[in-house]
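S.K.: Here you go, this is run.pdb (PDB, C-alpha atoms).
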ATOM      1  CA  MET V  12     -14.208   7.177  -1.620
ATOM      2  CA  ALA V  13     -13.143   4.343  -3.923
ATOM      3  CA  VAL V  14     -11.147   1.144  -3.601
ATOM      4  CA  THR V  15      -8.700   0.578  -6.452
ATOM      5  CA  TYR V  16      -7.001  -2.779  -7.027
ATOM      6  CA  GLU V  17      -3.602  -2.424  -8.676
ATOM      7  CA  CYS V  18      -0.954  -4.994  -9.637
ATOM      8  CA  ARG V  19       2.040  -4.753  -7.342
ATOM      9  CA  HIS V  20       4.392  -5.728 -10.195
ATOM     10  CA  CYS V  21       3.203  -4.038 -13.396
ATOM     11  CA  GLN V  22       1.083  -1.300 -11.737
ATOM     12  CA  SER V  23      -1.875  -1.982 -14.051
ATOM     13  CA  MET V  24      -5.302  -1.218 -12.640
ATOM     14  CA  ILE V  25      -7.232  -4.430 -12.098
ATOM     15  CA  GLY V  26     -10.482  -2.951 -10.863
ATOM     16  CA  ARG V  27     -12.186  -0.165  -8.945
ATOM     17  CA  LEU V  28     -15.088  -0.203  -6.497
ATOM     18  CA  GLN V  29     -17.023   2.770  -5.202
ATOM     19  CA  GLN V  30     -17.300   2.909  -1.411
ATOM     20  CA  GLN V  31     -21.093   2.799  -1.523
ATOM     21  CA  TYR V  32     -20.825  -0.829  -2.650
ATOM     22  CA  ALA V  33     -18.046  -2.053  -0.365
ATOM     23  CA  ASN V  34     -16.474  -1.537   3.011
ATOM     24  CA  GLU V  35     -13.431  -3.031   4.705
ATOM     25  CA  ASP V  36     -15.445  -5.805   6.344
ATOM     26  CA  LEU V  37     -17.094  -6.848   3.069
ATOM     27  CA  LEU V  38     -13.722  -6.778   1.296
ATOM     28  CA  GLY V  39     -12.193  -9.047   3.935
ATOM     29  CA  PHE V  40      -9.523  -6.609   5.105
ATOM     30  CA  ARG V  41     -10.243  -7.547   8.735
ATOM     31  CA  PHE V  42      -8.732 -10.986   8.093
ATOM     32  CA  LEU V  43      -5.329  -9.496   7.252
ATOM     33  CA  THR V  44      -2.620  -9.199   9.869
ATOM     34  CA  PRO V  45      -1.342  -5.686  10.614
ATOM     35  CA  GLU V  46       1.798  -6.480   8.595
ATOM     36  CA  GLU V  47      -0.235  -7.673   5.609
ATOM     37  CA  ARG V  48      -2.463  -4.594   5.786
ATOM     38  CA  GLN V  49       0.596  -2.340   5.785
ATOM     39  CA  SER V  50       2.163  -4.043   2.751
ATOM     40  CA  ILE V  51      -1.044  -4.463   0.712
ATOM     41  CA  ILE V  52      -3.296  -1.487   1.513
ATOM     42  CA  SER V  53      -2.507   2.200   1.209
ATOM     43  CA  TYR V  54      -4.821   5.036   2.152
ATOM     44  CA  ASN V  55      -4.676   8.088  -0.106
ATOM     45  CA  PRO V  56      -5.120  11.662   1.205
ATOM     46  CA  ASN V  57      -8.446  12.047  -0.654
ATOM     47  CA  GLY V  58      -9.877   9.049   1.227
ATOM     48  CA  ASP V  59      -9.446   6.516  -1.560
ATOM     49  CA  VAL V  60      -7.861   3.141  -0.854
ATOM     50  CA  THR V  61      -5.338   1.342  -3.085
ATOM     51  CA  VAL V  62      -4.935  -2.419  -2.706
ATOM     52  CA  LYS V  63      -1.810  -4.015  -4.187
ATOM     53  CA  VAL V  64      -2.469  -7.505  -5.571
ATOM     54  CA  ILE V  65      -1.058  -9.552  -8.474
ATOM     55  CA  CYS V  66      -2.748  -9.539 -11.888
ATOM     56  CA  ASP V  67      -3.290 -12.752 -13.851
ATOM     57  CA  TYR V  68      -0.497 -11.931 -16.329
ATOM     58  CA  CYS V  69       2.125 -11.382 -13.607
ATOM     59  CA  LYS V  70       0.949 -14.418 -11.638
ATOM     60  CA  GLU V  71       1.327 -16.613 -14.688
ATOM     61  CA  ALA V  72       4.770 -15.173 -15.421
ATOM     62  CA  LEU V  73       5.888 -15.791 -11.831
ATOM     63  CA  ASP V  74       4.390 -19.293 -11.798
ATOM     64  CA  ASN V  75       6.262 -20.172 -15.013
ATOM     65  CA  ASN V  76       9.494 -18.438 -13.929
ATOM     66  CA  PRO V  77       9.770 -18.605 -10.118
ATOM     67  CA  GLU V  78      13.280 -17.152 -10.228
ATOM     68  CA  LEU V  79      11.717 -13.789 -11.163
ATOM     69  CA  SER V  80      10.458 -13.452  -7.593
ATOM     70  CA  LEU V  81      14.072 -12.928  -6.492
ATOM     71  CA  LEU V  82      14.264  -9.660  -8.439
ATOM     72  CA  THR V  83      13.155  -6.339  -6.961
ATOM     73  CA  SER V  84      11.022  -5.386  -9.997
ATOM     74  CA  PRO V  85      10.655  -8.563 -12.011
ATOM     75  CA  LEU V  86       7.898  -7.612 -14.435
ATOM     76  CA  GLN V  87       8.279  -3.949 -15.276
TER      77      GLN V  87
END
Spit out the file's structure as C-alpha coordinates when you get a sec.
M.R.:
Amino acid sequence: MAVTYECRHCQSMIGRLQQQYANEDLLGFRFLTPEERQSIISYNPNGDVTVKVICDYCKEALDNNPELSLLTSPLQ
(Lines of atoms letter the chains of each structure in order from A and count residues from 1; the text may use other names and numbers.)
(Lines give C-alpha, C1' and ligand atoms only; values in the text may rest on other atoms or scores of the structure.)
Protein backbone atom coordinates (compact mmCIF):
# COMPACT_ATOMS: atom_id res chain seq x y z
CA MET A 1 0.00 0.00 0.00
CA ALA A 2 1.25 3.47 -0.92
CA VAL A 3 0.15 7.04 -0.32
CA THR A 4 0.36 9.25 -3.41
CA TYR A 5 0.09 13.04 -3.21
CA GLU A 6 -1.35 14.56 -6.37
CA CYS A 7 -2.18 18.16 -7.31
CA ARG A 8 -5.93 18.69 -7.40
CA HIS A 9 -5.57 21.21 -10.25
CA CYS A 10 -2.88 19.98 -12.65
CA GLN A 11 -2.92 16.29 -11.58
CA SER A 12 0.89 16.18 -11.32
CA MET A 13 2.31 13.72 -8.82
CA ILE A 14 3.92 15.58 -5.94
CA GLY A 15 5.20 12.61 -3.98
CA ARG A 16 4.68 9.00 -2.96
CA LEU A 17 5.17 7.22 0.36
CA GLN A 18 5.20 3.50 0.97
CA GLN A 19 2.86 2.36 3.75
CA GLN A 20 5.71 0.87 5.76
CA TYR A 21 6.90 4.42 6.46
CA ALA A 22 3.58 6.14 7.14
CA ASN A 23 0.11 5.56 8.46
CA GLU A 24 -2.97 7.76 8.70
CA ASP A 25 -2.10 8.94 12.21
CA LEU A 26 1.45 9.93 11.24
CA LEU A 27 0.16 11.72 8.14
CA GLY A 28 -2.30 13.73 10.22
CA PHE A 29 -5.45 12.46 8.50
CA ARG A 30 -7.17 12.12 11.90
CA PHE A 31 -7.24 15.92 12.19
CA LEU A 32 -9.42 16.26 9.08
CA THR A 33 -13.18 16.54 9.35
CA PRO A 34 -15.22 13.84 7.59
CA GLU A 35 -16.02 16.34 4.83
CA GLU A 36 -12.35 17.22 4.34
CA ARG A 37 -11.39 13.54 4.27
CA GLN A 38 -14.01 12.87 1.60
CA SER A 39 -12.84 15.74 -0.62
CA ILE A 40 -9.08 15.22 -0.15
CA ILE A 41 -8.49 11.48 0.28
CA SER A 42 -9.51 8.66 -2.03
CA TYR A 43 -8.95 4.98 -1.41
CA ASN A 44 -8.10 2.90 -4.47
CA PRO A 45 -9.27 -0.72 -4.92
CA ASN A 46 -5.69 -2.03 -4.62
CA GLY A 47 -5.37 -0.46 -1.16
CA ASP A 48 -3.39 2.59 -2.22
CA VAL A 49 -4.42 6.05 -1.04
CA THR A 50 -4.45 9.22 -3.17
CA VAL A 51 -4.34 12.59 -1.41
CA LYS A 52 -5.35 15.66 -3.42
CA VAL A 53 -3.34 18.75 -2.47
CA ILE A 54 -2.08 21.83 -4.36
CA CYS A 55 1.41 21.90 -5.88
CA ASP A 56 3.67 24.94 -5.53
CA TYR A 57 3.14 25.99 -9.17
CA CYS A 58 -0.67 25.99 -8.89
CA LYS A 59 -0.59 27.68 -5.48
CA GLU A 60 1.55 30.47 -6.86
CA ALA A 61 -0.72 30.85 -9.89
CA LEU A 62 -3.81 31.02 -7.66
CA ASP A 63 -2.13 33.44 -5.24
CA ASN A 64 -1.20 35.76 -8.13
CA ASN A 65 -4.58 35.37 -9.89
CA PRO A 66 -7.27 34.73 -7.26
CA GLU A 67 -10.01 34.98 -9.88
CA LEU A 68 -8.84 31.60 -11.23
CA SER A 69 -10.36 29.93 -8.17
CA LEU A 70 -13.81 30.75 -9.57
CA LEU A 71 -13.23 28.43 -12.54
CA THR A 72 -13.98 24.71 -12.40
CA SER A 73 -10.59 23.69 -13.84
CA PRO A 74 -8.43 26.78 -13.63
CA LEU A 75 -4.98 25.34 -14.30
CA GLN A 76 -5.34 22.50 -16.76
S.K.: Which residues are near segment 51-59 of chain V? Cut-off 12 Å, only C-alpha atoms, ignore same chain within fewer than 4 positions. Put them as a list in words.
M.R.: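 Residues meeting the cut-off are Met12, Ala13, Val14, Thr15, Tyr16, Glu17, Cys18, Arg19, Arg27, Leu28, Gln29, Gln30, Asn34, Glu35, Leu38, Gly39, Phe40, Arg41, Leu43, Thr44, Pro45, Glu46, Glu47, Lys63, Val64 and Ile65 of chain V.
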S.K.: Keeping only C-alpha atoms, write those residues as a PDB file, keeping the file's coordinate frame.
M.R.:
ATOM      1  CA  MET V  12     -14.208   7.177  -1.620  1.00  0.00           C
ATOM      2  CA  ALA V  13     -13.143   4.343  -3.923  1.00  0.00           C
ATOM      3  CA  VAL V  14     -11.147   1.144  -3.601  1.00  0.00           C
ATOM      4  CA  THR V  15      -8.700   0.578  -6.452  1.00  0.00           C
ATOM      5  CA  TYR V  16      -7.001  -2.779  -7.027  1.00  0.00           C
ATOM      6  CA  GLU V  17      -3.602  -2.424  -8.676  1.00  0.00           C
ATOM      7  CA  CYS V  18      -0.954  -4.994  -9.637  1.00  0.00           C
ATOM      8  CA  ARG V  19       2.040  -4.753  -7.342  1.00  0.00           C
ATOM      9  CA  ARG V  27     -12.186  -0.165  -8.945  1.00  0.00           C
ATOM     10  CA  LEU V  28     -15.088  -0.203  -6.497  1.00  0.00           C
ATOM     11  CA  GLN V  29     -17.023   2.770  -5.202  1.00  0.00           C
ATOM     12  CA  GLN V  30     -17.300   2.909  -1.411  1.00  0.00           C
ATOM     13  CA  ASN V  34     -16.474  -1.537   3.011  1.00  0.00           C
ATOM     14  CA  GLU V  35     -13.431  -3.031   4.705  1.00  0.00           C
ATOM     15  CA  LEU V  38     -13.722  -6.778   1.296  1.00  0.00           C
ATOM     16  CA  GLY V  39     -12.193  -9.047   3.935  1.00  0.00           C
ATOM     17  CA  PHE V  40      -9.523  -6.609   5.105  1.00  0.00           C
ATOM     18  CA  ARG V  41     -10.243  -7.547   8.735  1.00  0.00           C
ATOM     19  CA  LEU V  43      -5.329  -9.496   7.252  1.00  0.00           C
ATOM     20  CA  THR V  44      -2.620  -9.199   9.869  1.00  0.00           C
ATOM     21  CA  PRO V  45      -1.342  -5.686  10.614  1.00  0.00           C
ATOM     22  CA  GLU V  46       1.798  -6.480   8.595  1.00  0.00           C
ATOM     23  CA  GLU V  47      -0.235  -7.673   5.609  1.00  0.00           C
ATOM     24  CA  LYS V  63      -1.810  -4.015  -4.187  1.00  0.00           C
ATOM     25  CA  VAL V  64      -2.469  -7.505  -5.571  1.00  0.00           C
ATOM     26  CA  ILE V  65      -1.058  -9.552  -8.474  1.00  0.00           C
TER      27      ILE V  65
END
S.K.: In Å to one decimal, how far is atom CA of Met24 of chain V from atom CA of Glu71 of chain V?
M.R.: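 Straight-line distance from atom CA of Glu71 of chain V to atom CA of Met24 of chain V works out to 16.9 Å.
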S.K.: Atom CA of Lys70 of chain V and atom CA of Ser50 of chain V are how many Å apart?
M.R.: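 Computed distance, atom CA of Lys70 of chain V to atom CA of Ser50 of chain V, equals 17.8 Å.
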S.K.: Would you work out the distance separating atom CA of Cys66 of chain V from atom CA of Ser23 of chain V, expressed in Å to one decimal?
M.R.: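 Atom CA of Cys66 of chain V sits 7.9 Å away from atom CA of Ser23 of chain V.
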S.K.: Let me have the centre and edge lengths of the axis-aligned box enclosing all listed atoms of segment 54-67 of chain V with 6 Å padding on every side, in Å to one decimal, as JSON.
M.R.:
{"center_x": -5.5, "center_y": -0.4, "center_z": -5.8, "size_x": 20.8, "size_y": 36.8, "size_z": 28.0}
S.K.: Can you patch up segment 51-86 of chain V, filling it in to N, CA and C atoms, and show the result as a PDB file, in the coordinates of the input?
M.R.:
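Writing done, so here's out-v4.pdb:
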ATOM      1  N   ILE V  51      -0.079  -4.307   1.805  1.00  0.00           N
ATOM      2  CA  ILE V  51      -1.044  -4.463   0.712  1.00  0.00           C
ATOM      3  C   ILE V  51      -1.916  -3.230   0.504  1.00  0.00           C
ATOM      4  N   ILE V  52      -2.306  -2.563   1.591  1.00  0.00           N
ATOM      5  CA  ILE V  52      -3.296  -1.487   1.513  1.00  0.00           C
ATOM      6  C   ILE V  52      -2.639  -0.142   1.781  1.00  0.00           C
ATOM      7  N   SER V  53      -2.955   0.833   0.939  1.00  0.00           N
ATOM      8  CA  SER V  53      -2.507   2.200   1.209  1.00  0.00           C
ATOM      9  C   SER V  53      -3.719   3.131   1.151  1.00  0.00           C
ATOM     10  N   TYR V  54      -3.728   4.074   2.048  1.00  0.00           N
ATOM     11  CA  TYR V  54      -4.821   5.036   2.152  1.00  0.00           C
ATOM     12  C   TYR V  54      -4.351   6.361   1.573  1.00  0.00           C
ATOM     13  N   ASN V  55      -5.046   6.855   0.574  1.00  0.00           N
ATOM     14  CA  ASN V  55      -4.676   8.088  -0.106  1.00  0.00           C
ATOM     15  C   ASN V  55      -5.269   9.290   0.623  1.00  0.00           C
ATOM     16  N   PRO V  56      -4.639  10.468   0.503  1.00  0.00           N
ATOM     17  CA  PRO V  56      -5.120  11.662   1.205  1.00  0.00           C
ATOM     18  C   PRO V  56      -6.576  12.032   0.901  1.00  0.00           C
ATOM     19  N   ASN V  57      -7.063  11.708  -0.291  1.00  0.00           N
ATOM     20  CA  ASN V  57      -8.446  12.047  -0.654  1.00  0.00           C
ATOM     21  C   ASN V  57      -9.460  11.047  -0.109  1.00  0.00           C
ATOM     22  N   GLY V  58      -8.981  10.032   0.646  1.00  0.00           N
ATOM     23  CA  GLY V  58      -9.877   9.049   1.227  1.00  0.00           C
ATOM     24  C   GLY V  58      -9.985   7.759   0.436  1.00  0.00           C
ATOM     25  N   ASP V  59      -9.422   7.734  -0.765  1.00  0.00           N
ATOM     26  CA  ASP V  59      -9.446   6.516  -1.560  1.00  0.00           C
ATOM     27  C   ASP V  59      -8.472   5.490  -0.984  1.00  0.00           C
ATOM     28  N   VAL V  60      -8.702   4.235  -1.324  1.00  0.00           N
ATOM     29  CA  VAL V  60      -7.861   3.141  -0.854  1.00  0.00           C
ATOM     30  C   VAL V  60      -7.284   2.435  -2.074  1.00  0.00           C
ATOM     31  N   THR V  61      -5.981   2.118  -2.034  1.00  0.00           N
ATOM     32  CA  THR V  61      -5.338   1.342  -3.085  1.00  0.00           C
ATOM     33  C   THR V  61      -4.896   0.015  -2.490  1.00  0.00           C
ATOM     34  N   VAL V  62      -5.276  -1.081  -3.163  1.00  0.00           N
ATOM     35  CA  VAL V  62      -4.935  -2.419  -2.706  1.00  0.00           C
ATOM     36  C   VAL V  62      -3.994  -3.024  -3.744  1.00  0.00           C
ATOM     37  N   LYS V  63      -2.809  -3.413  -3.296  1.00  0.00           N
ATOM     38  CA  LYS V  63      -1.810  -4.015  -4.187  1.00  0.00           C
ATOM     39  C   LYS V  63      -1.994  -5.522  -4.202  1.00  0.00           C
ATOM     40  N   VAL V  64      -2.310  -6.070  -5.375  1.00  0.00           N
ATOM     41  CA  VAL V  64      -2.469  -7.505  -5.571  1.00  0.00           C
ATOM     42  C   VAL V  64      -1.646  -7.900  -6.800  1.00  0.00           C
ATOM     43  N   ILE V  65      -1.801  -9.111  -7.296  1.00  0.00           N
ATOM     44  CA  ILE V  65      -1.058  -9.552  -8.474  1.00  0.00           C
ATOM     45  C   ILE V  65      -2.056  -9.873  -9.584  1.00  0.00           C
ATOM     46  N   CYS V  66      -1.851  -9.288 -10.756  1.00  0.00           N
ATOM     47  CA  CYS V  66      -2.748  -9.539 -11.888  1.00  0.00           C
ATOM     48  C   CYS V  66      -2.480 -10.936 -12.459  1.00  0.00           C
ATOM     49  N   ASP V  67      -3.398 -11.413 -13.267  1.00  0.00           N
ATOM     50  CA  ASP V  67      -3.290 -12.752 -13.851  1.00  0.00           C
ATOM     51  C   ASP V  67      -2.026 -12.901 -14.696  1.00  0.00           C
ATOM     52  N   TYR V  68      -1.684 -11.875 -15.472  1.00  0.00           N
ATOM     53  CA  TYR V  68      -0.497 -11.931 -16.329  1.00  0.00           C
ATOM     54  C   TYR V  68       0.770 -12.116 -15.489  1.00  0.00           C
ATOM     55  N   CYS V  69       0.923 -11.303 -14.447  1.00  0.00           N
ATOM     56  CA  CYS V  69       2.125 -11.382 -13.607  1.00  0.00           C
ATOM     57  C   CYS V  69       2.151 -12.687 -12.816  1.00  0.00           C
ATOM     58  N   LYS V  70       0.995 -13.150 -12.364  1.00  0.00           N
ATOM     59  CA  LYS V  70       0.949 -14.418 -11.638  1.00  0.00           C
ATOM     60  C   LYS V  70       1.404 -15.555 -12.526  1.00  0.00           C
ATOM     61  N   GLU V  71       0.923 -15.561 -13.757  1.00  0.00           N
ATOM     62  CA  GLU V  71       1.327 -16.613 -14.688  1.00  0.00           C
ATOM     63  C   GLU V  71       2.825 -16.551 -14.976  1.00  0.00           C
ATOM     64  N   ALA V  72       3.335 -15.336 -15.164  1.00  0.00           N
ATOM     65  CA  ALA V  72       4.770 -15.173 -15.421  1.00  0.00           C
ATOM     66  C   ALA V  72       5.597 -15.660 -14.238  1.00  0.00           C
ATOM     67  N   LEU V  73       5.170 -15.345 -13.027  1.00  0.00           N
ATOM     68  CA  LEU V  73       5.888 -15.791 -11.831  1.00  0.00           C
ATOM     69  C   LEU V  73       5.750 -17.301 -11.616  1.00  0.00           C
ATOM     70  N   ASP V  74       4.579 -17.844 -11.924  1.00  0.00           N
ATOM     71  CA  ASP V  74       4.390 -19.293 -11.798  1.00  0.00           C
ATOM     72  C   ASP V  74       5.293 -20.051 -12.772  1.00  0.00           C
ATOM     73  N   ASN V  75       5.440 -19.514 -13.989  1.00  0.00           N
ATOM     74  CA  ASN V  75       6.262 -20.172 -15.013  1.00  0.00           C
ATOM     75  C   ASN V  75       7.751 -19.907 -14.831  1.00  0.00           C
ATOM     76  N   ASN V  76       8.095 -18.825 -14.129  1.00  0.00           N
ATOM     77  CA  ASN V  76       9.494 -18.438 -13.929  1.00  0.00           C
ATOM     78  C   ASN V  76       9.699 -18.015 -12.479  1.00  0.00           C
ATOM     79  N   PRO V  77       9.694 -18.953 -11.539  1.00  0.00           N
ATOM     80  CA  PRO V  77       9.770 -18.605 -10.118  1.00  0.00           C
ATOM     81  C   PRO V  77      11.009 -17.795  -9.744  1.00  0.00           C
ATOM     82  N   GLU V  78      12.066 -17.911 -10.526  1.00  0.00           N
ATOM     83  CA  GLU V  78      13.280 -17.152 -10.228  1.00  0.00           C
ATOM     84  C   GLU V  78      13.065 -15.643 -10.340  1.00  0.00           C
ATOM     85  N   LEU V  79      12.018 -15.222 -11.053  1.00  0.00           N
ATOM     86  CA  LEU V  79      11.717 -13.789 -11.163  1.00  0.00           C
ATOM     87  C   LEU V  79      11.360 -13.180  -9.813  1.00  0.00           C
ATOM     88  N   SER V  80      10.844 -13.990  -8.904  1.00  0.00           N
ATOM     89  CA  SER V  80      10.458 -13.452  -7.593  1.00  0.00           C
ATOM     90  C   SER V  80      11.661 -12.999  -6.779  1.00  0.00           C
ATOM     91  N   LEU V  81      12.852 -13.356  -7.184  1.00  0.00           N
ATOM     92  CA  LEU V  81      14.072 -12.928  -6.492  1.00  0.00           C
ATOM     93  C   LEU V  81      14.488 -11.510  -6.871  1.00  0.00           C
ATOM     94  N   LEU V  82      13.935 -10.996  -7.973  1.00  0.00           N
ATOM     95  CA  LEU V  82      14.264  -9.660  -8.439  1.00  0.00           C
ATOM     96  C   LEU V  82      13.392  -8.622  -7.744  1.00  0.00           C
ATOM     97  N   THR V  83      13.902  -7.409  -7.584  1.00  0.00           N
ATOM     98  CA  THR V  83      13.155  -6.339  -6.961  1.00  0.00           C
ATOM     99  C   THR V  83      11.939  -5.940  -7.784  1.00  0.00           C
ATOM    100  N   SER V  84      12.120  -5.744  -9.089  1.00  0.00           N
ATOM    101  CA  SER V  84      11.022  -5.386  -9.997  1.00  0.00           C
ATOM    102  C   SER V  84      11.033  -6.350 -11.173  1.00  0.00           C
ATOM    103  N   PRO V  85      10.505  -7.534 -10.985  1.00  0.00           N
ATOM    104  CA  PRO V  85      10.655  -8.563 -12.011  1.00  0.00           C
ATOM    105  C   PRO V  85       9.882  -8.357 -13.303  1.00  0.00           C
ATOM    106  N   LEU V  86       8.772  -7.647 -13.260  1.00  0.00           N
ATOM    107  CA  LEU V  86       7.898  -7.612 -14.435  1.00  0.00           C
ATOM    108  C   LEU V  86       7.582  -6.210 -14.906  1.00  0.00           C
TER     109      LEU V  86
END
